[in-house]
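work_16.csv (CSV, C-alpha atoms and all ligand atoms)
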```csv
chain,number,residue,atom,x,y,z
A,1497,MET,CA,0.0,0.0,0.0
A,1498,ARG,CA,1.6,3.3,-1.1
A,1499,ARG,CA,1.1,6.2,1.3
A,1500,LYS,CA,-0.4,9.2,-0.6
A,1501,LEU,CA,1.8,12.3,-0.7
A,1502,ALA,CA,0.9,16.0,-1.1
A,1503,ALA,CA,4.1,17.9,-1.8
A,1504,GLY,CA,4.4,21.6,-2.1
A,1505,ASN,CA,7.3,23.3,-3.9
A,1506,TRP,CA,7.5,26.9,-2.9
A,1507,LYS,CA,10.3,27.5,-5.5
A,1508,MET,CA,12.0,31.0,-4.9
A,1509,ASN,CA,9.0,32.3,-2.9
A,1510,GLY,CA,8.6,32.9,0.7
A,1511,VAL,CA,10.1,34.9,3.6
A,1512,ALA,CA,9.6,34.5,7.4
A,1513,ALA,CA,6.2,36.3,7.2
A,1514,ASP,CA,4.9,33.5,5.0
A,1515,LEU,CA,5.2,31.1,7.9
A,1516,ALA,CA,1.7,32.3,8.7
A,1517,GLU,CA,0.5,30.2,5.8
A,1518,VAL,CA,2.1,27.1,7.2
A,1519,LYS,CA,0.7,27.8,10.6
A,1520,ALA,CA,-2.8,28.2,9.1
A,1521,LEU,CA,-2.4,25.1,7.1
A,1522,ILE,CA,-1.5,22.9,10.0
A,1523,ALA,CA,-4.1,24.4,12.2
A,1524,ALA,CA,-6.8,23.6,9.6
A,1525,HIS,CA,-5.4,20.1,9.0
A,1526,PRO,CA,-4.1,18.7,12.3
A,1527,GLU,CA,-4.5,15.1,11.0
A,1528,PRO,CA,-4.2,15.5,7.2
A,1529,GLY,CA,-5.0,11.9,6.2
A,1530,CYS,CA,-2.0,11.7,3.8
A,1531,GLU,CA,1.6,12.6,4.0
A,1532,VAL,CA,2.2,16.3,3.5
A,1533,LEU,CA,5.5,17.8,2.5
A,1534,ILE,CA,6.6,21.4,1.9
A,1535,CYS,CA,9.8,22.3,0.2
A,1536,PRO,CA,10.4,26.0,1.0
A,1537,PRO,CA,13.4,28.0,0.1
A,1538,ALA,CA,16.4,26.6,2.1
A,1539,THR,CA,16.4,29.8,4.2
A,1540,LEU,CA,13.0,28.9,5.7
A,1541,ILE,CA,13.5,25.1,6.4
A,1542,ALA,CA,14.7,25.5,10.0
A,1543,GLN,CA,12.2,28.2,10.9
A,1544,MET,CA,9.4,26.1,9.4
A,1545,ASN,CA,10.6,23.1,11.3
A,1546,TRP,CA,10.3,25.1,14.5
A,1547,ALA,CA,7.0,26.6,13.5
A,1548,LYS,CA,5.3,23.2,12.8
A,1549,GLY,CA,5.8,22.0,16.3
A,1550,ALA,CA,4.5,18.4,16.7
A,1551,HIS,CA,2.6,18.4,13.4
A,1552,PRO,CA,3.6,15.6,11.0
A,1553,LEU,CA,4.3,18.0,8.2
A,1554,ALA,CA,7.5,17.0,6.4
A,1555,LEU,CA,10.0,19.5,5.1
A,1556,GLY,CA,12.3,19.3,2.1
A,1557,GLY,CA,14.9,21.1,0.1
A,1558,GLN,CA,14.5,22.0,-3.6
A,1559,ASP,CA,18.0,20.9,-4.7
A,1560,CYS,CA,21.2,19.6,-3.2
A,1561,HIS,CA,24.9,19.4,-4.2
A,1562,VAL,CA,26.4,16.0,-5.1
A,1563,LYS,CA,29.1,16.4,-2.4
A,1564,ALA,CA,28.5,16.5,1.3
A,1565,ALA,CA,30.8,19.6,1.9
A,1566,GLY,CA,33.5,21.6,0.3
A,1567,ALA,CA,34.5,24.6,-1.8
A,1568,HIS,CA,31.2,25.1,-3.7
A,1569,THR,CA,30.1,28.7,-3.0
A,1570,GLY,CA,26.3,29.1,-2.9
A,1571,ASP,CA,25.5,25.4,-2.9
A,1572,ILE,CA,23.7,23.4,-0.2
A,1573,SER,CA,24.5,19.8,0.6
A,1574,ALA,CA,22.1,17.0,1.6
A,1575,PRO,CA,23.5,16.7,5.2
A,1576,MET,CA,22.9,20.4,5.6
A,1577,LEU,CA,19.3,20.0,4.6
A,1578,VAL,CA,19.0,17.2,7.2
A,1579,ASP,CA,20.6,19.4,9.8
A,1580,ALA,CA,18.0,22.1,9.1
A,1581,GLY,CA,15.1,19.7,9.6
A,1582,ALA,CA,14.5,18.3,6.1
A,1583,SER,CA,13.5,14.7,5.4
A,1584,HIS,CA,13.1,15.1,1.6
A,1585,VAL,CA,14.7,16.9,-1.3
A,1586,ILE,CA,13.5,17.6,-4.8
A,1587,VAL,CA,16.2,16.8,-7.4
A,1588,GLY,CA,16.0,17.3,-11.2
A,1589,HIS,CA,13.2,19.8,-11.3
A,1590,SER,CA,12.8,21.0,-14.9
A,1591,GLU,CA,13.6,24.5,-13.8
A,1592,ARG,CA,17.0,23.3,-12.5
A,1593,ARG,CA,17.5,21.2,-15.6
A,1594,ALA,CA,16.8,24.3,-17.7
A,1595,ASP,CA,18.3,27.1,-15.6
A,1596,HIS,CA,21.4,25.2,-14.4
A,1597,GLY,CA,21.9,22.7,-17.2
A,1598,GLU,CA,21.4,19.7,-14.9
A,1599,THR,CA,21.8,16.5,-16.8
A,1600,ASN,CA,20.3,13.1,-15.9
A,1601,SER,CA,23.6,11.8,-14.6
A,1602,GLU,CA,23.9,14.9,-12.3
A,1603,VAL,CA,20.4,14.4,-11.1
A,1604,ARG,CA,21.2,10.7,-10.4
A,1605,ALA,CA,24.3,11.8,-8.4
A,1606,LYS,CA,22.2,14.3,-6.4
A,1607,ALA,CA,19.6,11.5,-5.7
A,1608,LEU,CA,22.5,9.3,-4.4
A,1609,ALA,CA,23.8,12.1,-2.3
A,1610,ALA,CA,20.4,12.7,-0.8
A,1611,GLN,CA,19.8,9.0,-0.1
A,1612,ALA,CA,23.2,8.7,1.5
A,1613,ALA,CA,22.3,11.5,3.9
A,1614,GLY,CA,19.0,9.8,4.8
A,1615,LEU,CA,16.8,12.1,2.7
A,1616,VAL,CA,14.0,10.9,0.4
A,1617,ALA,CA,14.8,12.0,-3.1
A,1618,VAL,CA,11.8,13.4,-5.1
A,1619,ILE,CA,13.1,12.9,-8.7
A,1620,CYS,CA,11.4,15.0,-11.3
A,1621,LEU,CA,10.8,14.0,-15.0
A,1622,GLY,CA,8.8,15.6,-17.7
A,1623,GLU,CA,8.7,16.3,-21.5
A,1624,THR,CA,8.6,19.7,-23.1
A,1625,GLU,CA,5.7,20.7,-25.3
A,1626,ALA,CA,7.8,20.2,-28.5
A,1627,GLU,CA,8.7,16.7,-27.3
A,1628,ARG,CA,5.0,15.9,-26.7
A,1629,ASP,CA,4.0,17.4,-30.1
A,1630,ALA,CA,6.7,15.2,-31.7
A,1631,GLY,CA,5.2,12.1,-30.1
A,1632,ALA,CA,8.3,11.5,-28.0
A,1633,THR,CA,6.8,11.8,-24.6
A,1634,LEU,CA,7.3,8.2,-23.4
A,1635,ALA,CA,10.7,8.0,-25.0
A,1636,VAL,CA,11.8,11.1,-23.2
A,1637,ILE,CA,10.3,10.1,-19.8
A,1638,GLY,CA,11.8,6.6,-20.1
A,1639,ALA,CA,15.2,7.9,-20.8
A,1640,GLN,CA,15.0,10.4,-17.9
A,1641,LEU,CA,13.8,7.6,-15.6
A,1642,GLY,CA,16.5,5.2,-16.7
A,1643,ALA,CA,19.3,7.7,-16.3
A,1644,SER,CA,18.1,9.8,-13.3
A,1645,VAL,CA,17.0,7.1,-10.9
A,1646,PRO,CA,19.9,5.2,-9.2
A,1647,GLU,CA,19.9,1.3,-9.3
A,1648,SER,CA,19.9,1.3,-5.5
A,1649,ALA,CA,16.7,3.4,-5.3
A,1650,THR,CA,13.8,1.9,-3.3
A,1651,GLY,CA,10.2,2.9,-2.8
A,1652,ALA,CA,11.2,4.1,0.7
A,1653,ASP,CA,14.0,6.5,-0.4
A,1654,THR,CA,12.7,7.7,-3.8
A,1655,VAL,CA,9.5,9.4,-5.1
A,1656,ILE,CA,9.1,10.0,-8.8
A,1657,ALA,CA,7.3,13.2,-9.9
A,1658,TYR,CA,6.0,13.4,-13.5
A,1659,GLU,CA,5.8,17.1,-14.4
A,1660,PRO,CA,5.2,18.0,-18.0
A,1661,VAL,CA,7.3,21.2,-18.6
A,1662,TRP,CA,4.5,22.8,-20.5
A,1663,ALA,CA,2.0,22.3,-17.6
A,1664,ILE,CA,4.2,24.0,-15.0
A,1665,GLY,CA,2.9,27.4,-13.9
A,1666,THR,CA,0.8,27.7,-17.1
A,1667,GLY,CA,-2.6,26.7,-15.8
A,1668,ARG,CA,-2.7,24.0,-18.5
A,1669,THR,CA,-2.8,20.3,-17.5
A,1670,PRO,CA,-2.7,17.1,-19.6
A,1671,THR,CA,-5.9,15.3,-20.1
A,1672,PRO,CA,-6.7,12.6,-17.5
A,1673,ALA,CA,-5.9,10.0,-20.2
A,1674,GLN,CA,-2.5,11.6,-20.9
A,1675,ILE,CA,-1.6,11.6,-17.2
A,1676,ALA,CA,-2.8,8.0,-16.8
A,1677,GLU,CA,-0.7,6.9,-19.8
A,1678,VAL,CA,2.5,8.4,-18.5
A,1679,HIS,CA,1.9,7.1,-14.9
A,1680,GLY,CA,1.1,3.6,-16.2
A,1681,PHE,CA,4.2,3.7,-18.3
A,1682,LEU,CA,6.3,4.8,-15.3
A,1683,ARG,CA,4.9,2.0,-13.2
A,1684,ALA,CA,5.6,-0.6,-15.8
A,1685,GLU,CA,9.2,0.7,-16.3
A,1686,LEU,CA,9.8,0.6,-12.5
A,1687,VAL,CA,8.5,-2.9,-12.2
A,1688,ALA,CA,10.5,-4.1,-15.2
A,1689,ARG,CA,13.7,-2.6,-13.6
A,1690,PHE,CA,13.2,-3.1,-9.9
A,1691,GLY,CA,10.9,-6.1,-9.8
A,1692,PRO,CA,8.2,-6.2,-7.1
A,1693,GLU,CA,9.9,-3.1,-5.4
A,1694,GLY,CA,8.8,-1.1,-8.5
A,1695,ALA,CA,5.3,-1.2,-7.2
A,1696,ALA,CA,6.4,0.6,-4.0
A,1697,PHE,CA,7.6,3.9,-5.6
A,1698,ARG,CA,5.2,6.7,-5.2
A,1699,LEU,CA,4.3,8.5,-8.4
A,1700,LEU,CA,3.3,12.2,-8.1
A,1701,TYR,CA,1.8,14.3,-10.8
A,1702,GLY,CA,2.9,17.9,-11.0
A,1703,GLY,CA,2.0,20.9,-13.2
A,1704,SER,CA,-0.9,23.3,-12.5
A,1705,VAL,CA,-2.5,21.2,-9.8
A,1706,LYS,CA,-5.1,23.3,-8.1
A,1707,PRO,CA,-8.2,22.7,-5.9
A,1708,SER,CA,-10.5,22.6,-8.9
A,1709,ASN,CA,-8.7,19.8,-10.7
A,1710,ALA,CA,-7.1,17.8,-7.9
A,1711,ALA,CA,-9.9,15.3,-7.3
A,1712,GLU,CA,-10.0,14.3,-11.0
A,1713,ILE,CA,-6.2,13.8,-11.1
A,1714,PHE,CA,-6.1,11.9,-7.8
A,1715,ALA,CA,-8.7,9.5,-9.0
A,1716,LEU,CA,-6.4,8.2,-11.8
A,1717,PRO,CA,-4.6,4.9,-11.4
A,1718,ASP,CA,-0.9,5.1,-10.3
A,1719,VAL,CA,-1.3,8.8,-9.2
A,1720,ASP,CA,-0.1,8.6,-5.6
A,1721,GLY,CA,-0.2,12.4,-5.0
A,1722,ALA,CA,1.0,15.7,-6.4
A,1723,LEU,CA,3.9,18.0,-6.5
A,1724,VAL,CA,2.3,21.5,-6.3
A,1725,GLY,CA,3.9,24.8,-7.1
A,1726,GLY,CA,1.8,28.0,-7.1
A,1727,ALA,CA,-1.2,26.5,-5.3
A,1728,SER,CA,1.0,25.3,-2.4
A,1729,LEU,CA,1.8,28.9,-1.3
A,1730,LYS,CA,-1.6,29.6,0.1
A,1731,ALA,CA,-3.0,27.5,3.0
A,1732,ALA,CA,-6.5,27.5,1.7
A,1733,ASP,CA,-5.5,26.2,-1.7
A,1734,PHE,CA,-2.9,23.6,-0.5
A,1735,GLY,CA,-5.4,22.6,2.2
A,1736,ALA,CA,-8.1,21.9,-0.4
A,1737,ILE,CA,-5.6,19.8,-2.4
A,1738,ILE,CA,-4.6,17.8,0.7
A,1739,ALA,CA,-8.2,17.2,1.5
A,1740,ALA,CA,-8.9,16.0,-2.0
A,1741,LEU,CA,-5.9,13.6,-1.8
A,1742,ALA,CA,-7.0,12.3,1.6
A,1743,ALA,CA,-10.5,11.6,0.2
A,1744,ALA,CA,-9.2,9.9,-3.0
A,1801,LIG,P1,2.9,24.6,-10.6
A,1801,LIG,O1,4.4,24.0,-10.4
A,1801,LIG,O2,2.0,23.8,-9.7
A,1801,LIG,O3,3.0,26.1,-10.2
A,1801,LIG,O4,2.5,24.4,-12.0
A,1801,LIG,C1,4.6,22.7,-10.2
A,1801,LIG,C2,6.1,22.4,-10.0
A,1801,LIG,O5,6.9,23.0,-10.8
A,1801,LIG,O6,6.5,21.6,-9.2
```

Translate the structure of the given file into structure tokens.
Amino acid sequence: MRRKLAAGNWKMNGVAADLAEVKALIAAHPEPGCEVLICPPATLIAQMNWAKGAHPLALGGQDCHVKAAGAHTGDISAPMLVDAGASHVIVGHSERRADHGETNSEVRAKALAAQAAGLVAVICLGETEAERDAGATLAVIGAQLGASVPESATGADTVIAYEPVWAIGTGRTPTPAQIAEVHGFLRAELVARFGPEGAAFRLLYGGSVKPSNAAEIFALPDVDGALVGGASLKAADFGAIIAALAAA
């Protein structure tokens, strides 16, 4: 049985004043009925960890370096995220792949660094609109999955997020059939590669998830939750998504 996961990715948004949203969220959902994760900017992880008190909210980073420490100005390592109170880290988000030229092999190394530090790696995959239009979606996703997910990955230390690049921050989402096709493909690939353990990996959908479309997406087979950007910033919206997941 895979535990459902509602994950929020705050991206480069949020200062200490926004902890009020987290406090409102946990006050409204003291027992969320699914796993809830927020990945705020690294500057807020420790403060959020303190603000959440005994609530089961999990915290994560949005990226980590492949090394544990060293001369890498501006970077943050997986053990540092753990030290700040994180239990998860997003790796290979399409914005990092695009803005920082991260390759599948670098994403794989980051996932290994995260897992070595005891973090759950949330590994992101997704096709561009041009790749979808060219009919290459499954080929692109399959190649990303094969090269970004380490052989040692397990369902306990790895979550896969399918995020079509053209759906991120655009308000556009794939049709339910398109989401189901990719998630079914991911599940089959994971089982082919990892055997029965392949059934244990949680598969999140990400890209313009909001209260109005969450229930329809969560009803799809092999959708174990969502990675939510914009709609995770406001307690009311993220709370509605959490409630939809818990009810699915
Ligand atoms: P969005 O972002 O929900 O704002 O589309 C999702 C993501 O990039 O994780």

Subject >> Exercise: A:Leu1700 partners within 7 Å, all atoms listed in the file, chain neighbours under 3 positions left out, as a ChimeraX atom specification >> reply: /A:1656-1658,1719-1723

Can you pull out the residues contacting A:Ala1580? Cut-off 9 Å, using all atoms listed in the file, and skip same-chain residues under 6 positions away; I want them as a short mmCIF file (atom, residue, chain, number, x, y, z; two decimals) with C-alpha atoms, in the frame of the given file.
```cif
data_model
loop_
_atom_site.label_atom_id
_atom_site.label_comp_id
_atom_site.auth_asym_id
_atom_site.auth_seq_id
_atom_site.Cartn_x
_atom_site.Cartn_y
_atom_site.Cartn_z
CA ALA A 1538 16.40 26.60 2.10
CA ILE A 1541 13.50 25.10 6.40
CA ALA A 1542 14.70 25.50 10.00
CA GLN A 1543 12.20 28.20 10.90
CA ASN A 1545 10.60 23.10 11.30
#
```

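The residue that comes closest to A:Ala1643, out of A:Gln1611, A:Thr1671, A:Asn1600, A:Asn1509 and on the basis of only C-alpha atoms, is A:Asn1600.
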
Any chance you could tabulate, as CSV, the residues of chain A at most 9 Å from ligand LIG 1801 (chain A) with each one's nearest atom pair and distance in Å to one decimal, using all atoms listed in the file, in chain and rising number order?
```
residue,atom,partner,partner_atom,distance
A:Ala1503,CA,A:LIG1801,O6,8.6
A:Gly1504,CA,A:LIG1801,O6,7.4
A:Asn1505,CA,A:LIG1801,O6,5.6
A:Trp1506,CA,A:LIG1801,O6,8.3
A:Lys1507,CA,A:LIG1801,O5,7.7
A:His1589,CA,A:LIG1801,O5,7.1
A:Ser1590,CA,A:LIG1801,O5,7.5
A:Glu1591,CA,A:LIG1801,O5,7.5
A:Cys1620,CA,A:LIG1801,O6,8.5
A:Ala1657,CA,A:LIG1801,O6,8.5
A:Glu1659,CA,A:LIG1801,C2,6.9
A:Pro1660,CA,A:LIG1801,O5,8.9
A:Val1661,CA,A:LIG1801,O5,8.0
A:Trp1662,CA,A:LIG1801,O4,8.9
A:Ala1663,CA,A:LIG1801,O4,6.0
A:Ile1664,CA,A:LIG1801,O4,3.5
A:Gly1665,CA,A:LIG1801,O4,3.6
A:Thr1666,CA,A:LIG1801,O4,6.3
A:Gly1667,CA,A:LIG1801,O4,6.8
A:Arg1668,CA,A:LIG1801,O4,8.3
A:Thr1669,CA,A:LIG1801,O4,8.7
A:Tyr1701,CA,A:LIG1801,O6,8.8
A:Gly1702,CA,A:LIG1801,C1,5.2
A:Gly1703,CA,A:LIG1801,O4,3.7
A:Ser1704,CA,A:LIG1801,O4,3.6
A:Val1705,CA,A:LIG1801,O2,5.2
A:Lys1706,CA,A:LIG1801,O2,7.3
A:Ala1722,CA,A:LIG1801,O6,8.5
A:Leu1723,CA,A:LIG1801,O6,5.2
A:Val1724,CA,A:LIG1801,O2,4.1
A:Gly1725,CA,A:LIG1801,O2,3.4
A:Gly1726,CA,A:LIG1801,O3,3.8
A:Ala1727,CA,A:LIG1801,O2,6.1
A:Ser1728,CA,A:LIG1801,O2,7.5
```

**OP:** Could you jot down the atom CA of A:Glu1677 to atom CA of A:Leu1615 separation for me, Å, one decimal place?
**Re:** 29.0 Å

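Pairwise distance (atom CA of A:Gly1735, atom CA of A:Arg1498) equals 20.8 Å.
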
**OP:** Please identify all polymer residues within 12 Å of A:Gly1651, counting all atoms listed in the file, omitting same-chain residues fewer than 5 positions from it, and present them as a list in words.
**Re:**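 My reading of the contact set: Met1497, Arg1498, Arg1499, Gln1611, Val1616, Ala1617, Val1618, Ile1619, Val1645, Pro1646, Ile1656, Arg1683, Leu1686, Val1687, Phe1690, Gly1691, Pro1692, Glu1693, Gly1694, Ala1695, Ala1696, Phe1697, Arg1698 and Leu1699 of chain A.
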
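Separating atom CA of A:Ser1601 from atom CA of A:Leu1555 is a distance of 25.1 Å.
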
Original post:
Which residues, written as number ranges by chain, have at least one atom at most 8 Å from A:Val1603, with all atoms listed in the file counted and residues fewer than 4 positions away on the same chain left out?
Top reply: A: 1587-1588, 1598-1599, 1607, 1619, 1644

Original post:
If you count only C-alpha atoms, which residues fall within 8 Å of stretch 1708-1713 of chain A, apart from same-chain ones fewer than 6 positions away, as a list in words?
Top reply: Pro1672, Ile1675, Val1719, Ile1737, Ala1740, Leu1741 and Ala1744 of chain A

Subject >> A:His1679, A:Arg1604, A:Arg1628, A:Lys1519 ranked by distance to A:Thr1654, top pick (using all atoms listed in the file) >> reply: A:Arg1604

Original post:
Nearest to A:Ala1554: which of A:Pro1528, A:Pro1575, A:Pro1670, A:Gly1622 is it, counting only C-alpha atoms?
Top reply: A:Pro1528
